[in-house]
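**Q** Take a look at final.cif, mmCIF, C-alpha atoms and all ligand atoms:
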data_coords
#
loop_
_atom_site.label_atom_id
_atom_site.label_comp_id
_atom_site.auth_asym_id
_atom_site.auth_seq_id
_atom_site.Cartn_x
_atom_site.Cartn_y
_atom_site.Cartn_z
CA MET A 17 52.31 -30.90 -73.45
CA SER A 18 48.66 -31.43 -72.79
CA ASP A 19 48.54 -27.97 -71.19
CA THR A 20 49.66 -26.18 -74.34
CA VAL A 21 47.22 -28.12 -76.50
CA ALA A 22 44.43 -27.51 -74.02
CA ALA A 23 45.11 -23.82 -73.53
CA GLU A 24 45.17 -23.05 -77.22
CA PRO A 25 41.43 -23.07 -78.00
CA VAL A 26 40.74 -21.01 -74.88
CA ALA A 27 43.05 -18.18 -75.95
CA ASP A 28 41.61 -18.26 -79.47
CA LEU A 29 38.09 -18.41 -78.09
CA LEU A 30 38.65 -15.42 -75.81
CA ALA A 31 40.11 -13.50 -78.74
CA LYS A 32 37.24 -14.35 -81.05
CA PHE A 33 34.35 -13.88 -78.63
CA SER A 34 35.03 -10.65 -76.81
CA GLU A 35 32.45 -11.20 -74.06
CA ALA A 36 33.80 -14.63 -73.09
CA THR A 37 35.83 -14.90 -69.87
CA PRO A 38 38.01 -17.68 -68.51
CA ARG A 39 36.26 -19.88 -65.96
CA GLU A 40 37.86 -21.33 -62.87
CA SER A 41 38.31 -25.06 -63.30
CA LEU A 42 40.06 -27.87 -61.49
CA ASP A 43 40.39 -30.14 -64.48
CA HIS A 44 39.65 -29.15 -68.08
CA PRO A 45 39.84 -25.70 -69.66
CA ALA A 46 36.62 -23.84 -69.15
CA VAL A 47 35.07 -20.64 -70.47
CA ASN A 48 32.14 -18.48 -69.44
CA VAL A 49 30.19 -17.11 -72.35
CA PRO A 50 27.08 -14.97 -72.53
CA MET A 51 23.98 -17.04 -73.26
CA LYS A 52 23.40 -15.31 -76.63
CA ASP A 53 26.83 -16.54 -77.83
CA ALA A 54 26.54 -20.09 -76.54
CA VAL A 55 25.49 -21.76 -79.79
CA ALA A 56 27.97 -19.74 -81.85
CA VAL A 57 30.78 -20.78 -79.50
CA LEU A 58 29.74 -24.44 -79.69
CA GLN A 59 29.59 -24.24 -83.47
CA TRP A 60 32.99 -22.57 -83.67
CA LEU A 61 34.49 -25.23 -81.39
CA ARG A 62 32.93 -27.97 -83.47
CA ASP A 63 33.79 -26.62 -86.91
CA GLU A 64 37.09 -24.81 -86.36
CA GLN A 65 38.56 -26.53 -83.32
CA SER A 66 37.46 -30.12 -83.98
CA TYR A 67 35.51 -30.50 -80.74
CA ASP A 68 33.24 -32.97 -82.45
CA PHE A 69 31.71 -34.82 -79.51
CA LEU A 70 29.12 -33.34 -77.15
CA VAL A 71 29.77 -35.30 -73.96
CA ASP A 72 27.29 -33.70 -71.62
CA VAL A 73 24.78 -30.91 -71.18
CA THR A 74 23.88 -30.07 -67.63
CA GLY A 75 22.95 -27.19 -65.40
CA ILE A 76 23.79 -25.60 -62.06
CA ASP A 77 21.33 -24.14 -59.57
CA TRP A 78 23.24 -21.64 -57.42
CA SER A 79 20.29 -21.34 -54.93
CA GLU A 80 17.09 -19.31 -54.79
CA THR A 81 18.79 -16.24 -53.38
CA THR A 82 21.51 -15.99 -56.03
CA SER A 83 21.19 -14.14 -59.31
CA PRO A 84 21.88 -15.31 -61.94
CA ARG A 85 20.48 -18.44 -60.39
CA PHE A 86 20.94 -20.99 -63.20
CA THR A 87 23.94 -21.81 -65.35
CA ALA A 88 23.82 -24.10 -68.35
CA VAL A 89 26.96 -26.15 -68.95
CA TRP A 90 28.23 -27.96 -72.05
CA HIS A 91 31.13 -30.41 -72.13
CA LEU A 92 32.80 -31.01 -75.46
CA PHE A 93 35.46 -33.54 -76.39
CA SER A 94 37.73 -33.62 -79.41
CA THR A 95 38.22 -37.10 -80.79
CA THR A 96 41.31 -35.94 -82.68
CA LYS A 97 42.99 -33.76 -80.04
CA HIS A 98 41.75 -35.90 -77.12
CA THR A 99 40.99 -32.92 -74.95
CA TYR A 100 37.87 -31.67 -73.24
CA ILE A 101 36.52 -28.16 -72.95
CA ARG A 102 33.74 -26.83 -70.77
CA ILE A 103 31.43 -23.98 -71.78
CA ALA A 104 29.17 -22.34 -69.20
CA ALA A 105 26.52 -19.71 -69.71
CA ASP A 106 24.34 -18.02 -67.10
CA CYS A 107 20.60 -17.99 -67.73
CA THR A 108 19.33 -14.44 -67.79
CA ASP A 109 15.88 -15.17 -66.33
CA ASP A 110 15.92 -16.62 -62.79
CA ALA A 111 12.24 -17.57 -62.73
CA ASN A 112 12.00 -19.14 -66.19
CA PRO A 113 15.56 -20.05 -67.09
CA SER A 114 16.18 -20.83 -70.71
CA ALA A 115 19.06 -21.61 -73.03
CA PRO A 116 19.30 -22.05 -76.80
CA THR A 117 19.21 -25.63 -78.03
CA ALA A 118 22.32 -27.30 -79.44
CA THR A 119 20.32 -30.00 -81.23
CA GLY A 120 21.08 -28.29 -84.55
CA LEU A 121 24.79 -28.88 -83.98
CA PHE A 122 24.86 -32.17 -82.11
CA PRO A 123 22.02 -34.71 -82.32
CA ALA A 124 23.25 -35.97 -78.93
CA ALA A 125 22.02 -32.75 -77.34
CA ASP A 126 18.42 -33.93 -77.65
CA TRP A 127 18.19 -36.22 -74.64
CA HIS A 128 20.76 -34.28 -72.58
CA GLU A 129 18.65 -31.17 -72.91
CA ARG A 130 15.50 -33.08 -72.06
CA GLU A 131 17.17 -34.33 -68.89
CA THR A 132 18.39 -30.88 -67.91
CA PHE A 133 14.89 -29.53 -68.54
CA ASP A 134 13.32 -32.35 -66.53
CA LEU A 135 15.51 -32.10 -63.45
CA MET A 136 16.58 -28.44 -63.46
CA GLY A 137 13.77 -26.75 -65.32
CA ILE A 138 15.97 -25.01 -67.88
CA THR A 139 13.98 -24.62 -71.10
CA PHE A 140 15.98 -25.18 -74.27
CA GLU A 141 14.58 -22.85 -76.91
CA GLY A 142 14.13 -24.49 -80.29
CA HIS A 143 14.39 -28.05 -79.01
CA PRO A 144 12.30 -30.28 -81.32
CA ASP A 145 10.65 -32.32 -78.56
CA LEU A 146 11.25 -30.89 -75.09
CA ARG A 147 9.43 -33.44 -72.93
CA ARG A 148 10.47 -34.78 -69.56
CA ILE A 149 12.70 -37.80 -69.88
CA LEU A 150 13.07 -39.30 -66.37
CA MET A 151 10.06 -38.08 -64.44
CA TRP A 152 6.67 -38.57 -66.03
CA ASP A 153 4.81 -36.00 -68.12
CA GLY A 154 2.78 -33.84 -65.80
CA TYR A 155 5.13 -34.14 -62.82
CA PRO A 156 4.90 -30.68 -61.24
CA HIS A 157 8.46 -30.19 -59.95
CA HIS A 158 12.07 -30.08 -61.09
CA PRO A 159 13.75 -32.34 -58.53
CA LEU A 160 17.37 -31.20 -58.77
CA ARG A 161 16.55 -27.59 -57.95
CA LYS A 162 17.86 -26.38 -54.62
CA GLU A 163 14.43 -25.71 -53.12
CA PHE A 164 13.24 -29.27 -53.83
CA PRO A 165 13.61 -31.38 -50.67
CA LEU A 166 15.66 -34.55 -50.97
CA ALA A 167 12.74 -36.56 -49.61
CA GLY A 168 10.40 -35.41 -52.35
CA ILE A 169 7.03 -33.68 -52.33
CA GLU A 170 3.68 -35.43 -52.08
CA THR A 171 1.94 -35.56 -55.48
CA GLU A 172 -0.49 -37.73 -57.40
CA LEU A 173 0.54 -40.93 -59.19
CA PRO A 174 0.96 -40.48 -62.96
CA ASP A 175 -2.10 -42.64 -63.71
CA ILE A 176 -5.39 -41.39 -62.24
CA GLU A 177 -7.20 -44.72 -62.65
CA VAL A 178 -4.54 -46.62 -60.76
CA ALA A 179 -4.34 -43.86 -58.16
CA ASP A 180 -8.12 -44.11 -57.58
CA GLU A 181 -8.01 -47.88 -57.39
CA THR A 182 -5.04 -48.19 -55.06
CA GLN A 183 -5.26 -44.89 -53.15
CA ALA A 184 -1.48 -44.76 -53.54
CA LYS A 185 0.31 -41.43 -53.82
CA VAL A 186 3.76 -40.17 -54.53
CA ILE A 187 4.83 -39.57 -50.94
CA SER A 188 7.79 -37.80 -49.49
CA ALA A 189 10.26 -40.32 -48.10
CA PRO A 190 12.66 -38.71 -45.64
CA MET A 191 15.90 -40.51 -44.91
CA MET A 192 15.03 -40.95 -41.21
CA GLY A 193 18.44 -39.93 -39.99
CA GLY A 194 20.25 -41.67 -42.83
CA PRO A 195 22.46 -42.32 -44.68
CA PHE A 196 22.42 -45.92 -43.54
CA VAL A 197 26.00 -47.07 -43.48
CA ALA A 198 28.15 -49.67 -41.78
CA SER A 199 30.77 -48.57 -39.28
CA ASN A 200 33.71 -46.97 -41.00
CA LYS A 201 36.20 -47.47 -38.19
CA GLY A 202 38.15 -49.93 -40.26
CA GLU A 203 37.74 -53.08 -38.22
CA MET A 204 35.10 -55.65 -39.14
CA ASN A 205 32.83 -56.89 -36.42
CA LEU A 206 29.42 -58.34 -36.93
CA THR A 207 27.59 -56.02 -34.54
CA ASP A 208 28.74 -52.88 -36.31
CA ALA A 209 28.64 -54.34 -39.79
CA GLU A 210 24.86 -54.00 -39.94
CA PRO A 211 24.14 -50.68 -41.68
CA ARG A 212 22.35 -48.22 -39.43
CA ALA A 213 21.34 -44.60 -39.54
CA LYS A 214 24.14 -42.24 -38.58
CA ASP A 215 21.74 -39.91 -36.82
CA GLU A 216 19.17 -41.89 -34.83
CA SER A 217 17.76 -38.89 -32.96
CA TRP A 218 14.78 -38.96 -35.31
CA ASN A 219 12.83 -41.58 -37.23
CA GLU A 220 9.25 -42.48 -38.19
CA ALA A 221 8.09 -42.31 -34.55
CA LYS A 222 10.11 -39.30 -33.38
CA PRO A 223 9.87 -36.14 -35.48
CA LYS A 224 13.03 -34.46 -36.57
CA PRO A 225 14.36 -32.08 -33.89
CA GLU A 226 14.43 -28.48 -35.10
CA MET B 18 -19.42 -121.26 -64.40
CA VAL B 19 -21.23 -117.99 -65.05
CA SER B 20 -19.13 -114.91 -64.59
CA PRO B 21 -20.52 -111.99 -62.55
CA ASN B 22 -22.06 -108.98 -64.31
CA THR B 23 -19.10 -106.57 -64.47
CA ASP B 24 -21.24 -103.67 -65.67
CA VAL B 25 -22.83 -103.00 -62.34
CA ALA B 26 -20.51 -104.57 -59.88
CA PHE B 27 -17.07 -103.76 -58.63
CA ASP B 28 -14.49 -103.66 -61.42
CA ASN B 29 -10.92 -103.76 -60.33
CA LYS B 30 -9.69 -102.68 -63.74
CA ILE B 31 -11.43 -99.34 -63.40
CA GLU B 32 -10.84 -98.97 -59.71
CA GLY B 33 -7.14 -99.01 -60.28
CA ASP B 34 -7.47 -95.68 -62.11
CA ILE B 35 -9.58 -93.88 -59.54
CA VAL B 36 -8.16 -91.69 -56.83
CA ILE B 37 -10.50 -90.47 -54.17
CA SER B 38 -9.69 -86.97 -52.95
CA ARG B 39 -11.18 -83.59 -52.18
CA LEU B 40 -11.63 -81.27 -55.16
CA ASP B 41 -9.85 -78.52 -53.21
CA ALA B 42 -6.79 -80.68 -52.86
CA VAL B 43 -6.75 -81.56 -56.54
CA ILE B 44 -7.13 -77.96 -57.68
CA ASN B 45 -4.46 -76.77 -55.27
CA TRP B 46 -2.15 -79.57 -56.32
CA VAL B 47 -2.45 -78.48 -59.95
CA ARG B 48 -1.94 -74.82 -59.12
CA THR B 49 0.96 -75.41 -56.78
CA ASN B 50 3.10 -77.45 -59.06
CA SER B 51 2.87 -75.46 -62.22
CA MET B 52 3.03 -71.86 -61.18
CA TRP B 53 4.02 -69.79 -64.19
CA PRO B 54 5.83 -66.65 -63.12
CA MET B 55 5.45 -63.22 -64.66
CA PRO B 56 9.00 -61.87 -64.36
CA MET B 57 8.59 -58.18 -63.49
CA GLY B 58 12.33 -57.56 -63.66
CA LEU B 59 12.92 -53.87 -63.01
CA ALA B 60 16.47 -53.63 -61.69
CA CYS B 61 19.44 -55.60 -60.38
CA CYS B 62 17.25 -58.19 -58.62
CA ALA B 63 16.13 -59.36 -62.06
CA ILE B 64 19.65 -60.69 -62.66
CA GLU B 65 19.28 -62.84 -59.58
CA LEU B 66 15.87 -63.95 -60.81
CA MET B 67 17.52 -65.06 -64.05
CA GLY B 68 20.12 -66.91 -62.01
CA THR B 69 17.34 -68.67 -60.13
CA ALA B 70 15.83 -69.78 -63.40
CA SER B 71 19.13 -71.03 -64.80
CA ALA B 72 20.86 -74.38 -64.47
CA ARG B 73 22.63 -73.97 -61.14
CA PHE B 74 19.52 -73.18 -59.10
CA ASP B 75 16.89 -74.43 -61.54
CA ILE B 76 13.50 -73.14 -60.50
CA ALA B 77 12.06 -75.94 -62.69
CA ARG B 78 12.53 -78.26 -59.73
CA PHE B 79 9.55 -76.43 -58.19
CA GLY B 80 7.47 -76.26 -61.33
CA ALA B 81 7.91 -72.55 -61.94
CA GLU B 82 10.28 -72.45 -64.87
CA VAL B 83 7.81 -71.26 -67.48
CA MET B 84 8.45 -67.52 -67.36
CA ARG B 85 5.55 -65.88 -69.15
CA PHE B 86 5.95 -62.41 -70.52
CA SER B 87 2.24 -62.27 -71.25
CA PRO B 88 0.29 -61.51 -68.09
CA ARG B 89 -2.67 -63.54 -69.39
CA GLN B 90 -0.64 -66.72 -69.13
CA ALA B 91 1.02 -66.00 -65.81
CA ASP B 92 0.03 -67.02 -62.29
CA CYS B 93 2.60 -65.35 -60.09
CA MET B 94 4.15 -61.94 -60.58
CA ILE B 95 7.70 -61.78 -59.26
CA VAL B 96 8.46 -58.09 -58.75
CA ALA B 97 12.26 -58.13 -58.94
CA GLY B 98 13.67 -54.66 -58.64
CA THR B 99 13.10 -51.01 -57.95
CA VAL B 100 9.59 -49.79 -58.76
CA THR B 101 9.67 -46.13 -59.72
CA TYR B 102 6.55 -44.01 -59.53
CA LYS B 103 6.71 -43.75 -63.29
CA MET B 104 6.63 -47.56 -63.61
CA ALA B 105 4.15 -48.20 -60.79
CA PRO B 106 0.93 -47.75 -62.82
CA HIS B 107 2.24 -50.16 -65.46
CA VAL B 108 3.01 -52.77 -62.82
CA ARG B 109 -0.52 -52.40 -61.53
CA ARG B 110 -2.02 -52.66 -65.00
CA ILE B 111 -0.04 -55.80 -65.78
CA TYR B 112 -1.22 -57.23 -62.48
CA ASP B 113 -4.80 -56.38 -63.44
CA GLN B 114 -4.36 -58.21 -66.74
CA MET B 115 -3.26 -61.45 -65.10
CA SER B 116 -6.10 -63.93 -64.85
CA GLU B 117 -7.23 -65.25 -61.49
CA PRO B 118 -5.94 -66.94 -59.44
CA LYS B 119 -2.82 -64.81 -59.16
CA TRP B 120 -0.11 -64.18 -56.62
CA VAL B 121 2.70 -61.68 -56.11
CA ILE B 122 6.20 -62.16 -54.72
CA ALA B 123 8.02 -58.95 -53.76
CA MET B 124 11.63 -59.87 -54.35
CA GLY B 125 14.30 -57.82 -52.61
CA ALA B 126 14.44 -54.71 -50.47
CA CYS B 127 13.35 -52.37 -53.25
CA ALA B 128 10.17 -54.19 -54.16
CA SER B 129 9.33 -54.83 -50.49
CA SER B 130 9.89 -51.34 -49.10
CA GLY B 131 11.65 -49.07 -51.58
CA GLY B 132 14.95 -50.33 -50.18
CA MET B 133 17.78 -47.87 -50.14
CA TYR B 134 15.90 -45.55 -52.48
CA ARG B 135 14.19 -43.22 -50.06
CA SER B 136 13.66 -40.73 -52.81
CA TYR B 137 11.15 -38.66 -54.70
CA ALA B 138 11.15 -41.12 -57.59
CA THR B 139 10.74 -44.55 -55.98
CA LEU B 140 7.58 -46.28 -54.82
CA GLN B 141 8.11 -47.17 -51.16
CA GLY B 142 7.08 -50.81 -51.46
CA VAL B 143 5.13 -52.48 -54.24
CA ASP B 144 2.47 -53.48 -51.69
CA ARG B 145 1.13 -49.94 -52.02
CA ILE B 146 -0.28 -50.82 -55.42
CA VAL B 147 -0.65 -54.64 -55.58
CA PRO B 148 -1.38 -57.23 -52.86
CA VAL B 149 1.85 -59.06 -52.01
CA ASP B 150 1.83 -62.69 -50.83
CA VAL B 151 5.50 -63.21 -50.01
CA TYR B 152 8.25 -60.69 -49.29
CA VAL B 153 11.88 -61.69 -49.80
CA SER B 154 14.55 -59.78 -47.91
CA GLY B 155 17.96 -59.13 -49.37
CA CYS B 156 19.67 -56.73 -51.73
CA PRO B 157 19.62 -58.76 -53.88
CA PRO B 158 18.22 -61.94 -52.29
CA ARG B 159 20.13 -65.13 -52.96
CA PRO B 160 18.45 -67.47 -55.46
CA GLU B 161 17.87 -69.85 -52.56
CA ALA B 162 15.85 -67.14 -50.85
CA LEU B 163 13.66 -66.73 -53.90
CA LEU B 164 13.17 -70.48 -54.10
CA ASP B 165 12.26 -70.44 -50.42
CA ALA B 166 9.71 -67.73 -51.14
CA LEU B 167 8.27 -69.84 -53.93
CA ILE B 168 7.97 -72.84 -51.59
CA LYS B 169 6.31 -70.63 -48.98
CA LEU B 170 3.87 -69.43 -51.62
CA GLN B 171 3.18 -73.01 -52.65
CA ASP B 172 2.43 -73.88 -49.02
CA LYS B 173 0.02 -70.99 -48.93
CA VAL B 174 -1.69 -72.05 -52.15
CA LYS B 175 -2.05 -75.61 -50.85
CA LYS B 176 -4.10 -74.31 -47.91
CA THR B 177 -6.42 -72.17 -50.04
CA PRO B 178 -10.13 -73.11 -50.00
CA SER B 179 -10.11 -73.06 -53.80
CA LEU B 180 -13.55 -74.56 -54.32
CA ARG B 181 -15.23 -71.79 -52.35
CA ASN B 182 -13.37 -69.22 -54.43
CA LEU B 183 -14.36 -70.98 -57.64
CA THR B 184 -18.07 -70.61 -56.97
CA ALA B 185 -17.82 -67.15 -55.49
S1 LIG C 1 16.89 -54.82 -53.66
FE1 LIG C 1 19.03 -54.35 -54.16
S2 LIG C 1 19.54 -55.79 -55.78
FE2 LIG C 1 17.30 -55.70 -55.67
S3 LIG C 1 16.67 -54.15 -57.13
FE3 LIG C 1 16.90 -53.15 -55.15
S4 LIG C 1 18.99 -52.34 -55.17
FE4 LIG C 1 18.86 -53.89 -56.79
#
I need this file expressed as structure tokens, please.

**A**
Amino acid sequence: MSDTVAAEPVADLLAKFSEATPRESLDHPAVNVPMKDAVAVLQWLRDEQSYDFLVDVTGIDWSETTSPRFTAVWHLFSTTKHTYIRIAADCTDDANPSAPTATGLFPAADWHERETFDLMGITFEGHPDLRRILMWDGYPHHPLRKEFPLAGIETELPDIEVADETQAKVISAPMMGGPFVASNKGEMNLTDAEPRAKDESWNEAKPKPE
Amino acid sequence: MVSPNTDVAFDNKIEGDIVISRLDAVINWVRTNSMWPMPMGLACCAIELMGTASARFDIARFGAEVMRFSPRQADCMIVAGTVTYKMAPHVRRIYDQMSEPKWVIAMGACASSGGMYRSYATLQGVDRIVPVDVYVSGCPPRPEALLDALIKLQDKVKKTPSLRNLTA
């Protein structure tokens, strides 16, 4: 039954927005839409299809060599139909990706969009206060982008006075052969229970083999 | 019989109230037994810090139950939790606002070394920005371990040449 309820808005959506295409999905119904239609689709889902709850706004970085590189993703939930729907839209500009803001439709979009901007670098046009939300103002990178190393990049501390006083920096912190996990063979013994790096061929003293 | 002149001679009434000691020892005794912590609770370790302060473990037994959220009234900053780079300058500023003498306990793996967060966002050990007196291992440390750290810190304070530092 849930399939028929779930499929219904997708068929209607595809009929109403001619440039929308179905999107492959393992769980909830999903639709690709062109970026210029994104807000109209969200509004139509909210007003006509009772998708009244914006669950999440996020983004995908498909890697530096792919174009379109960035995709913005919205997850909506209907509190009356109890179904989810996912809307995805590719950003047209790979260097300065942007998407229209949904803050006019859902107040909840505010912080979600700030987070997506902070970590992915997708600018939400028309957002009332698009500041970073997790990293500090002035942080020079967008850490969830593919080219950003997991260990981080050396930068200055957010506060210059404290940085001068302590000489501390934001340093890159490689995992040193991690993740550090206990043996997963199933049996418990105290020698193997101590978490250790899976790959001990490199660490602080020995550089990582190429 | 004429009684002796008590004004200038030995008076056992007064002598009973006099303790002869070194000033260092007295100052250290005062500091040791009423160390007011500044709870810098930043993550899960803070829950354990609260447990240490509560009835079962009762940090009051060691004179450190008066958690002060104003740095001006605190003696010992207990950094309990993950220090992010965004938070680090504030930790340092709060440390700067504490009046001397002051001490720091780095509680747990995160505060001591960054712990499991080897990441772009986490300070790799609070000792990069403030001087740490005692490190406590554990993720999170047991309350007993924090009490042990407090006792270790008290031992350290007892050995401080406080008088020299007073005049310096
Ligand atoms: S050391 Fe463990 S328990 Fe303590 S703050 Fe870090 S992750 Fe949480």

**Q** Counting all atoms listed in the file, figure out which residue out of A:Leu135, A:Ala167, A:Leu173, A:Leu58 gets nearest to Thr119 in chain A.

**A**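 Among the listed residues, A:Leu58 lies closest to Thr119 in chain A.
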
**Q** I'd like the neighbourhood of range 146-159 of chain A as a list of chain:residue names, where a residue qualifies if any of its atoms comes within 7 Å (using all atoms listed in the file), though same-chain residues fewer than 3 positions away should be ignored.

**A**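 The residues that qualify are A:Arg130, A:Glu131, A:Phe133, A:Asp134, A:Leu135, A:Met136, A:Gly137, A:His143, A:Phe164, A:Pro174, B:Lys103.
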
**Q** Write to file, as a PDB file, in the coordinates of the input, the residues of the selection just made, with C-alpha atoms.

**A**
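Final output, saved to selection_13.pdb:
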ATOM      1  CA  ARG A 130      15.500 -33.080 -72.060  1.00  0.00           C
ATOM      2  CA  GLU A 131      17.170 -34.330 -68.890  1.00  0.00           C
ATOM      3  CA  PHE A 133      14.890 -29.530 -68.540  1.00  0.00           C
ATOM      4  CA  ASP A 134      13.320 -32.350 -66.530  1.00  0.00           C
ATOM      5  CA  LEU A 135      15.510 -32.100 -63.450  1.00  0.00           C
ATOM      6  CA  MET A 136      16.580 -28.440 -63.460  1.00  0.00           C
ATOM      7  CA  GLY A 137      13.770 -26.750 -65.320  1.00  0.00           C
ATOM      8  CA  HIS A 143      14.390 -28.050 -79.010  1.00  0.00           C
ATOM      9  CA  PHE A 164      13.240 -29.270 -53.830  1.00  0.00           C
ATOM     10  CA  PRO A 174       0.960 -40.480 -62.960  1.00  0.00           C
TER      11      PRO A 174
ATOM     12  CA  LYS B 103       6.710 -43.750 -63.290  1.00  0.00           C
TER      13      LYS B 103
END

**Q** What does the list of residues within 9 Å of ligand LIG 1 (chain C) look like if you count all atoms listed in the file, written as number ranges by chain?

**A** B: 58-65, 97-100, 124-129, 131-134, 154-158

**Q** Which residues of chain A have any atom within 7 Å of an atom in chain B when counting all atoms listed in the file, and what is the closest pair of atoms for each, with the distance in Å to one decimal? Order the rows by chain and rising number and write it as a Markdown table.

**A**
| residue | atom | partner | partner_atom | distance |
| --- | --- | --- | --- | --- |
| A:Met151 | CA | B:Lys103 | CA | 6.7 |
| A:Trp152 | CA | B:Lys103 | CA | 5.9 |
| A:Leu166 | CA | B:Ser136 | CA | 6.8 |
| A:Ala167 | CA | B:Ser136 | CA | 5.3 |
| A:Gly168 | CA | B:Tyr137 | CA | 4.1 |
| A:Ile169 | CA | B:Tyr137 | CA | 6.9 |
| A:Leu173 | CA | B:Tyr102 | CA | 6.8 |
| A:Pro174 | CA | B:Lys103 | CA | 6.6 |
| A:Asp175 | CA | B:Pro106 | CA | 6.0 |
| A:Val178 | CA | B:Pro106 | CA | 6.0 |
| A:Thr182 | CA | B:Ile146 | CA | 5.5 |
| A:Ala184 | CA | B:Arg145 | CA | 6.0 |
| A:Val186 | CA | B:Tyr102 | CA | 6.9 |
| A:Ser188 | CA | B:Tyr137 | CA | 6.3 |
| A:Ala189 | CA | B:Arg135 | CA | 5.3 |
| A:Pro190 | CA | B:Arg135 | CA | 6.5 |
| A:Met191 | CA | B:Arg135 | CA | 6.1 |

**Q** Quick one: distance from CA of Pro50 in chain A to CA of Ile103 in chain A in Å, one decimal?

**A**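 Distance reported for this atom pair: 10.0 Å.
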
**Q** Please, what distance in Å, to one decimal, runs between CA of Cys93 in chain B and CA of Arg39 in chain B?

**A**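 So the answer is 24.2 Å.
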
**Q** What's the separation between CA of Gln183 in chain A and CA of Pro165 in chain A, in Å to one decimal place?

**A**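 So the two atoms, CA of Gln183 in chain A and CA of Pro165 in chain A, lie 23.3 Å apart.
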
**Q** Restricting the calculation to only C-alpha atoms, which member of A:Ile187, A:Ala88, A:Ile101, A:Ile138 is positioned closest to Arg62 in chain A?

**A**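 Among the listed residues, A:Ile101 lies closest to Arg62 in chain A.
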